[in-house]
>>> print(open('upload-v5.pdb').read())   # PDB, C-alpha atoms and all ligand atoms
ATOM      1  CA  MET A 257     129.730 133.637  -4.641
ATOM      2  CA  LEU A 258     129.793 135.087  -8.136
ATOM      3  CA  ARG A 259     127.379 137.932  -8.835
ATOM      4  CA  THR A 260     125.536 138.922 -11.991
ATOM      5  CA  LEU A 261     127.198 141.096 -14.641
ATOM      6  CA  PRO A 262     124.986 144.139 -13.860
ATOM      7  CA  GLU A 263     125.943 143.878 -10.181
ATOM      8  CA  TYR A 264     129.622 143.726 -11.105
ATOM      9  CA  GLU A 265     129.157 146.681 -13.457
ATOM     10  CA  GLU A 266     127.906 148.772 -10.574
ATOM     11  CA  LEU A 267     130.863 147.830  -8.380
ATOM     12  CA  ALA A 268     133.316 148.416 -11.236
ATOM     13  CA  ALA A 269     131.867 151.844 -12.015
ATOM     14  CA  ARG A 270     132.314 152.818  -8.384
ATOM     15  CA  ALA A 271     135.887 151.513  -8.173
ATOM     16  CA  HIS A 272     136.997 152.905 -11.548
ATOM     17  CA  GLY A 273     135.099 156.197 -11.553
ATOM     18  CA  HIS A 274     133.035 155.472 -14.666
ATOM     19  CA  LEU A 275     131.581 152.601 -16.623
ATOM     20  CA  CYS A 276     133.282 152.003 -19.966
ATOM     21  CA  ALA A 277     133.924 149.241 -22.488
ATOM     22  CA  GLY A 278     137.148 148.433 -20.642
ATOM     23  CA  GLN A 279     135.205 147.710 -17.447
ATOM     24  CA  ILE A 280     132.861 145.305 -19.210
ATOM     25  CA  LEU A 281     135.769 143.615 -20.966
ATOM     26  CA  GLY A 282     137.719 143.260 -17.717
ATOM     27  CA  LEU A 283     134.708 141.858 -15.877
ATOM     28  CA  ARG A 284     134.007 139.383 -18.675
ATOM     29  CA  MET A 285     137.672 138.382 -18.762
ATOM     30  CA  ALA A 286     137.809 137.735 -15.023
ATOM     31  CA  LEU A 287     134.512 135.832 -15.105
ATOM     32  CA  TYR A 288     135.775 133.660 -17.965
ATOM     33  CA  GLY A 289     138.959 133.033 -15.995
ATOM     34  CA  MET A 290     136.924 131.934 -12.968
ATOM     35  CA  LYS A 291     134.832 129.664 -15.181
ATOM     36  CA  LEU A 292     137.876 127.997 -16.752
ATOM     37  CA  LEU A 293     139.505 127.512 -13.360
ATOM     38  CA  ASP A 294     136.214 126.344 -11.905
ATOM     39  CA  LEU A 295     136.364 128.826  -9.029
ATOM     40  CA  ALA A 296     132.899 129.711  -7.756
ATOM     41  CA  ASP A 297     133.738 131.976  -4.832
ATOM     42  CA  PRO A 298     136.890 134.000  -5.573
ATOM     43  CA  VAL A 299     136.327 136.666  -2.907
ATOM     44  CA  GLY A 300     135.107 134.184  -0.277
ATOM     45  CA  ALA A 301     136.005 130.522   0.159
ATOM     46  CA  ASP A 302     138.486 130.501  -2.754
ATOM     47  CA  ARG A 303     140.188 133.813  -1.949
ATOM     48  CA  LYS A 304     143.519 132.317  -0.885
ATOM     49  CA  ARG A 305     143.802 130.183  -4.009
ATOM     50  CA  LEU A 306     143.909 132.932  -6.560
ATOM     51  CA  VAL A 307     146.670 135.143  -7.953
ATOM     52  CA  THR A 308     146.151 137.326 -11.042
ATOM     53  CA  PHE A 309     148.751 138.804 -13.385
ATOM     54  CA  VAL A 310     147.716 141.806 -15.484
ATOM     55  CA  GLU A 311     149.713 142.932 -18.517
ATOM     56  CA  ILE A 312     148.456 146.486 -19.043
ATOM     57  CA  ASP A 313     147.547 149.486 -16.911
ATOM     58  CA  ARG A 314     144.346 150.559 -18.611
ATOM     59  CA  CYS A 315     140.627 150.714 -17.789
ATOM     60  CA  MET A 316     140.257 146.945 -18.020
ATOM     61  CA  THR A 317     142.811 146.376 -15.287
ATOM     62  CA  ASP A 318     140.621 148.062 -12.663
ATOM     63  CA  ALA A 319     137.702 145.723 -13.358
ATOM     64  CA  ILE A 320     139.600 142.509 -12.760
ATOM     65  CA  PRO A 321     139.929 142.785  -8.943
ATOM     66  CA  VAL A 322     136.206 143.535  -8.732
ATOM     67  CA  VAL A 323     135.571 139.896  -9.661
ATOM     68  CA  THR A 324     138.700 138.153  -8.404
ATOM     69  CA  GLY A 325     139.306 140.114  -5.208
ATOM     70  CA  CYS A 326     143.019 139.996  -6.129
ATOM     71  CA  ARG A 327     144.576 143.264  -5.039
ATOM     72  CA  LEU A 328     148.045 144.723  -5.189
ATOM     73  CA  GLY A 329     148.055 145.282  -1.433
ATOM     74  CA  LYS A 330     147.303 141.627  -0.832
ATOM     75  CA  ARG A 331     150.138 140.583  -3.135
ATOM     76  CA  ALA A 332     147.576 138.677  -5.184
ATOM     77  CA  LEU A 333     147.634 141.090  -8.134
ATOM     78  CA  LYS A 334     150.843 141.197 -10.157
ATOM     79  CA  PHE A 335     151.527 143.848 -12.770
ATOM     80  CA  ARG A 336     153.734 142.978 -15.720
ATOM     81  CA  ASP A 337     153.992 146.019 -17.966
ATOM     82  CA  PHE A 338     153.811 144.277 -21.361
ATOM     83  CA  GLY A 339     151.287 146.646 -22.925
ATOM     84  CA  LYS A 340     148.914 143.793 -23.798
ATOM     85  CA  VAL A 341     145.229 143.458 -23.054
ATOM     86  CA  ALA A 342     145.817 140.173 -21.267
ATOM     87  CA  ALA A 343     145.679 138.648 -17.806
ATOM     88  CA  THR A 344     146.613 135.315 -16.276
ATOM     89  CA  PHE A 345     144.512 133.739 -13.542
ATOM     90  CA  CYS A 346     146.293 131.212 -11.346
ATOM     91  CA  ASP A 347     144.734 128.702  -8.998
ATOM     92  CA  LEU A 348     147.476 128.016  -6.455
ATOM     93  CA  GLN A 349     145.639 125.066  -4.944
ATOM     94  CA  GLU A 350     145.298 123.109  -8.181
ATOM     95  CA  GLY A 351     148.555 124.465  -9.578
ATOM     96  CA  ARG A 352     147.048 125.597 -12.852
ATOM     97  CA  ALA A 353     146.773 128.881 -14.678
ATOM     98  CA  VAL A 354     145.052 130.270 -17.724
ATOM     99  CA  ARG A 355     146.116 133.328 -19.709
ATOM    100  CA  LEU A 356     143.402 135.261 -21.499
ATOM    101  CA  LEU A 357     144.114 137.694 -24.311
ATOM    102  CA  ALA A 358     141.432 140.053 -25.624
ATOM    103  CA  ARG A 359     140.904 139.423 -29.330
ATOM    104  CA  GLU A 360     141.386 142.431 -31.597
ATOM    105  CA  SER A 361     138.505 141.103 -33.706
ATOM    106  CA  ALA A 362     136.084 141.753 -30.826
ATOM    107  CA  LYS A 363     136.046 145.462 -31.717
ATOM    108  CA  ASP A 364     135.101 144.705 -35.335
ATOM    109  CA  ARG A 365     132.400 142.362 -34.144
ATOM    110  CA  ALA A 366     130.997 145.111 -31.895
ATOM    111  CA  ARG A 367     130.871 147.440 -34.895
ATOM    112  CA  GLU A 368     129.092 144.772 -36.972
ATOM    113  CA  LEU A 369     126.540 144.169 -34.235
ATOM    114  CA  TYR A 370     125.717 147.815 -33.560
ATOM    115  CA  PRO A 371     126.565 149.844 -36.681
ATOM    116  CA  GLU A 372     123.877 152.379 -35.769
ATOM    117  CA  MET A 373     125.690 153.445 -32.611
ATOM    118  CA  GLU A 374     128.118 156.259 -33.166
ATOM    119  CA  SER A 375     130.374 155.929 -30.174
ATOM    120  CA  LYS A 376     132.781 153.003 -30.245
ATOM    121  CA  ASN A 377     132.678 152.885 -26.486
ATOM    122  CA  GLN A 378     128.872 152.480 -26.531
ATOM    123  CA  GLN A 379     129.114 149.880 -29.307
ATOM    124  CA  GLN A 380     131.650 147.882 -27.396
ATOM    125  CA  MET A 381     129.944 148.216 -24.024
ATOM    126  CA  ARG A 382     126.755 146.855 -25.501
ATOM    127  CA  ALA A 383     128.429 144.040 -27.461
ATOM    128  CA  TYR A 384     130.838 142.938 -24.753
ATOM    129  CA  ARG A 385     127.939 142.265 -22.395
ATOM    130  CA  HIS A 386     126.683 139.339 -24.456
ATOM    131  CA  MET A 387     129.356 138.244 -26.945
ATOM    132  CA  PRO A 388     130.461 134.630 -26.314
ATOM    133  CA  ASP A 389     133.662 134.224 -24.263
ATOM    134  CA  MET A 390     135.472 132.679 -27.225
ATOM    135  CA  GLU A 391     134.746 135.676 -29.452
ATOM    136  CA  LEU A 392     136.106 138.033 -26.819
ATOM    137  CA  PHE A 393     139.153 136.106 -25.638
ATOM    138  CA  GLU A 394     141.840 133.712 -26.671
ATOM    139  CA  ALA A 395     142.627 131.284 -23.832
ATOM    140  CA  GLN A 396     145.936 129.557 -23.245
ATOM    141  CA  TRP A 397     146.749 127.221 -20.370
ATOM    142  CA  VAL A 398     150.133 128.120 -18.918
ATOM    143  CA  ARG A 399     152.431 127.149 -16.109
ATOM    144  CA  ILE A 400     153.764 129.678 -13.624
ATOM    145  CA  ALA A 401     156.732 128.862 -11.433
ATOM    146  CA  PHE A 402     156.235 131.004  -8.364
ATOM    147  CA  ALA A 403     159.166 131.872  -6.148
ATOM    148  CA  PRO A 404     158.039 131.578  -2.510
ATOM    149  CA  GLU A 405     158.758 135.290  -1.939
ATOM    150  CA  ASP A 406     156.244 136.223  -4.642
ATOM    151  CA  LEU A 407     153.324 134.519  -2.933
ATOM    152  CA  PRO A 408     150.937 136.162  -0.480
ATOM    153  CA  GLY A 409     151.806 135.421   3.143
ATOM    154  CA  TYR A 410     155.572 135.167   2.614
ATOM    155  CA  ARG A 411     157.637 136.216   5.617
ATOM    156  CA  ALA A 412     161.357 136.953   5.658
ATOM    157  CA  PRO A 413     163.849 139.303   7.254
ATOM    158  CA  ARG A 414     163.866 142.907   5.979
ATOM    159  CA  PRO A 415     167.521 143.776   5.514
ATOM    160  CA  LEU A 416     168.580 147.422   5.423
ATOM    161  CA  CYS A 417     170.180 148.645   2.207
ATOM    162  CA  ALA A 418     173.887 149.190   2.807
ATOM    163  CA  GLN A 419     173.766 152.392   0.790
ATOM    164  CA  CYS A 420     170.501 154.267   1.545
ATOM    165  CA  GLY A 421     169.598 152.481   4.786
ATOM    166  CA  GLU A 422     166.001 151.784   3.738
ATOM    167  CA  PRO A 423     164.501 148.374   4.662
ATOM    168  CA  VAL A 424     163.744 145.964   1.800
ATOM    169  CA  SER A 425     161.008 143.315   1.979
ATOM    170  CA  PHE A 426     160.327 140.102   0.078
ATOM    171  CA  ARG A 427     163.915 139.418  -0.948
ATOM    172  CA  ARG A 428     163.975 142.348  -3.342
ATOM    173  CA  GLU A 429     167.493 143.198  -2.146
ATOM    174  CA  VAL A 430     170.477 142.475  -4.413
ATOM    175  CA  VAL A 431     174.163 141.974  -3.745
ATOM    176  CA  ARG A 432     176.536 144.386  -5.519
ATOM    177  CA  ALA A 433     180.284 144.223  -4.914
ATOM    178  CA  GLY A 434     179.673 142.234  -1.751
ATOM    179  CA  LEU A 435     177.139 144.718  -0.354
ATOM    180  CA  THR A 436     173.433 144.085   0.155
ATOM    181  CA  VAL A 437     171.640 146.991  -1.477
ATOM    182  CA  CYS A 438     168.132 147.900  -2.616
ATOM    183  CA  ARG A 439     167.214 147.871  -6.294
ATOM    184  CA  ALA A 440     167.223 151.659  -6.442
ATOM    185  CA  CYS A 441     170.798 151.826  -5.230
ATOM    186  CA  ALA A 442     171.682 148.956  -7.565
ATOM    187  CA  GLY A 443     170.823 151.175 -10.528
ATOM    188  CA  GLU A 444     167.084 150.740 -11.059
ATOM    189  CA  ARG A 445     166.153 154.061  -9.468
ATOM    190  CA  TYR A 446     163.276 155.697 -11.343
ATOM    191  CA  TYR A 447     163.595 158.994  -9.432
ATOM    192  CA  THR A 448     166.383 161.484  -8.865
ATOM    193  CA  PRO A 449     166.706 162.833  -5.338
ATOM    194  CA  LEU A 450     166.731 166.662  -5.366
TER
HETATM  195 ZN    ZN B 501     137.460 153.467 -18.132
HETATM  196 ZN    ZN B 502     169.259 151.645  -1.187
END
>>> encode(input="upload-v5.pdb", output="structure tokens")
Amino acid sequence: MLRTLPEYEELAARAHGHLCAGQILGLRMALYGMKLLDLADPVGADRKRLVTFVEIDRCMTDAIPVVTGCRLGKRALKFRDFGKVAATFCDLQEGRAVRLLARESAKDRARELYPEMESKNQQQMRAYRHMPDMELFEAQWVRIAFAPEDLPGYRAPRPLCAQCGEPVSFRREVVRAGLTVCRACAGERYYTPL
């Protein structure tokens, strides 16, 4: 069942290490997503229905799983590094998804509401607790075509890379010059072996 915002704030502060405007914004975003998708129990009865995409790796991102229960290790949290304060919440059962983008104007509104507060973080924390969903976020219904290997619970063989010998899960292997290799050996390596 969904909790109250103060309860979520406590959980978010513990998970993230501190409470900040980003935590409140992320919690509000996830709660709005659950409301639009009509999901009342994301970490309980509805937990297998939900997949979340996040588009930035900032404070806000840590707050989203606190509400949705979608975690990277469960394959239910997908990171797309677009540098945008946005997330998409997908209900797999109903086959619908909503993308929420934080409005830039929300910061100005926070300043208008609490001009006496000096810290922007304090201003925003206070304002984001009660500002209406529509003032905080722009919502867009979207369609997501999932490949089966991207969904939680997918099972497939784990071929060994023909070059480095490391096993590759979830069909992340590629074929190069007739050889099945991992993405690192195919040229996407982000590290240099010493
Ligand atoms: Zn933070
Ligand atoms: Zn390899």
>>> residues_around(input="upload-v5.pdb", residues="region 258-262 of chain A", least_positions_apart="4", cutoff="7 Å", atoms="only C-alpha atoms", output="PyMOL selection string")
chain A and resi 266+296-297
>>> resolve_selection(input="upload-v5.pdb", expression="the PyMOL selection byres (((not hetatm)) within 7 of (chain B and resi 501))", output="ChimeraX atom specification")
/A:272,274-276,278-279,315
>>> residues_near_ligand(input="upload-v5.pdb", ligand="ligand ZN 502 (chain B)", cutoff="9 Å", atoms="all atoms listed in the file", output="JSON, numbers by chain")
{"A": [416, 417, 418, 419, 420, 421, 422, 423, 424, 429, 436, 437, 438, 439, 440, 441, 442]}
>>> closest_atom_pairs(input="upload-v5.pdb", of="region 275-316 of chain A", to="region 352-369 of chain A", cutoff="12 Å", atoms="only C-alpha atoms", output="Markdown table")
| residue | atom | partner | partner_atom | distance |
| --- | --- | --- | --- | --- |
| A:Ala277 | CA | A:Lys363 | CA | 10.2 |
| A:Gly278 | CA | A:Ala358 | CA | 10.6 |
| A:Ile280 | CA | A:Ala358 | CA | 11.9 |
| A:Leu281 | CA | A:Ala358 | CA | 8.2 |
| A:Gly282 | CA | A:Ala358 | CA | 9.3 |
| A:Leu283 | CA | A:Ala358 | CA | 12.0 |
| A:Arg284 | CA | A:Ala358 | CA | 10.2 |
| A:Met285 | CA | A:Leu356 | CA | 7.1 |
| A:Ala286 | CA | A:Leu356 | CA | 8.9 |
| A:Leu287 | CA | A:Leu356 | CA | 11.0 |
| A:Tyr288 | CA | A:Leu356 | CA | 8.6 |
| A:Gly289 | CA | A:Val354 | CA | 6.9 |
| A:Met290 | CA | A:Val354 | CA | 9.6 |
| A:Lys291 | CA | A:Val354 | CA | 10.5 |
| A:Leu292 | CA | A:Val354 | CA | 7.6 |
| A:Leu293 | CA | A:Ala353 | CA | 7.5 |
| A:Asp294 | CA | A:Arg352 | CA | 10.9 |
| A:Leu295 | CA | A:Arg352 | CA | 11.8 |
| A:Arg305 | CA | A:Arg352 | CA | 10.5 |
| A:Leu306 | CA | A:Ala353 | CA | 9.5 |
| A:Val307 | CA | A:Ala353 | CA | 9.2 |
| A:Thr308 | CA | A:Ala353 | CA | 9.2 |
| A:Phe309 | CA | A:Arg355 | CA | 8.8 |
| A:Val310 | CA | A:Arg355 | CA | 9.6 |
| A:Glu311 | CA | A:Leu357 | CA | 9.6 |
| A:Ile312 | CA | A:Leu357 | CA | 11.1 |
| A:Met316 | CA | A:Ala358 | CA | 10.3 |
>>> atom_distance(input="upload-v5.pdb", atom1="CA of Cys326 (chain A)", atom2="CA of Leu407 (chain A)")
12.1 Å
>>> atom_distance(input="upload-v5.pdb", atom1="CA of Arg411 (chain A)", atom2="CA of Lys330 (chain A)")
13.3 Å
>>> atom_distance(input="upload-v5.pdb", atom1="CA of Arg303 (chain A)", atom2="CA of Ala332 (chain A)")
9.4 Å
>>> closest_residue(input="upload-v5.pdb", among="A:Phe393, A:Phe426, A:Tyr384, A:Phe345", to="Pro298 (chain A)", atoms="all atoms listed in the file")
A:Phe345
>>> resolve_selection(input="upload-v5.pdb", expression="the PyMOL selection byres (((chain A and resi 412) around 9) and not hetatm)", output="ChimeraX atom specification")
/A:405,410-411,413-414,425-427
>>> residues_around(input="upload-v5.pdb", residues="Gly351 (chain A)", least_positions_apart="5", cutoff="10 Å", atoms="all atoms listed in the file", output="number ranges by chain")
A: 305, 346, 399-401
>>> closest_residue(input="upload-v5.pdb", among="A:Ala271, A:Gln396, A:Asp302, A:Glu374", to="Glu350 (chain A)", atoms="all atoms listed in the file")
A:Asp302
>>> closest_residue(input="upload-v5.pdb", among="A:Met381, A:Ala403, A:Leu348, A:Met257", to="Lys304 (chain A)", atoms="only C-alpha atoms")
A:Leu348
>>> closest_residue(input="upload-v5.pdb", among="A:Met390, A:Arg314, A:Tyr447, A:Glu372", to="Lys340 (chain A)", atoms="all atoms listed in the file")
A:Arg314
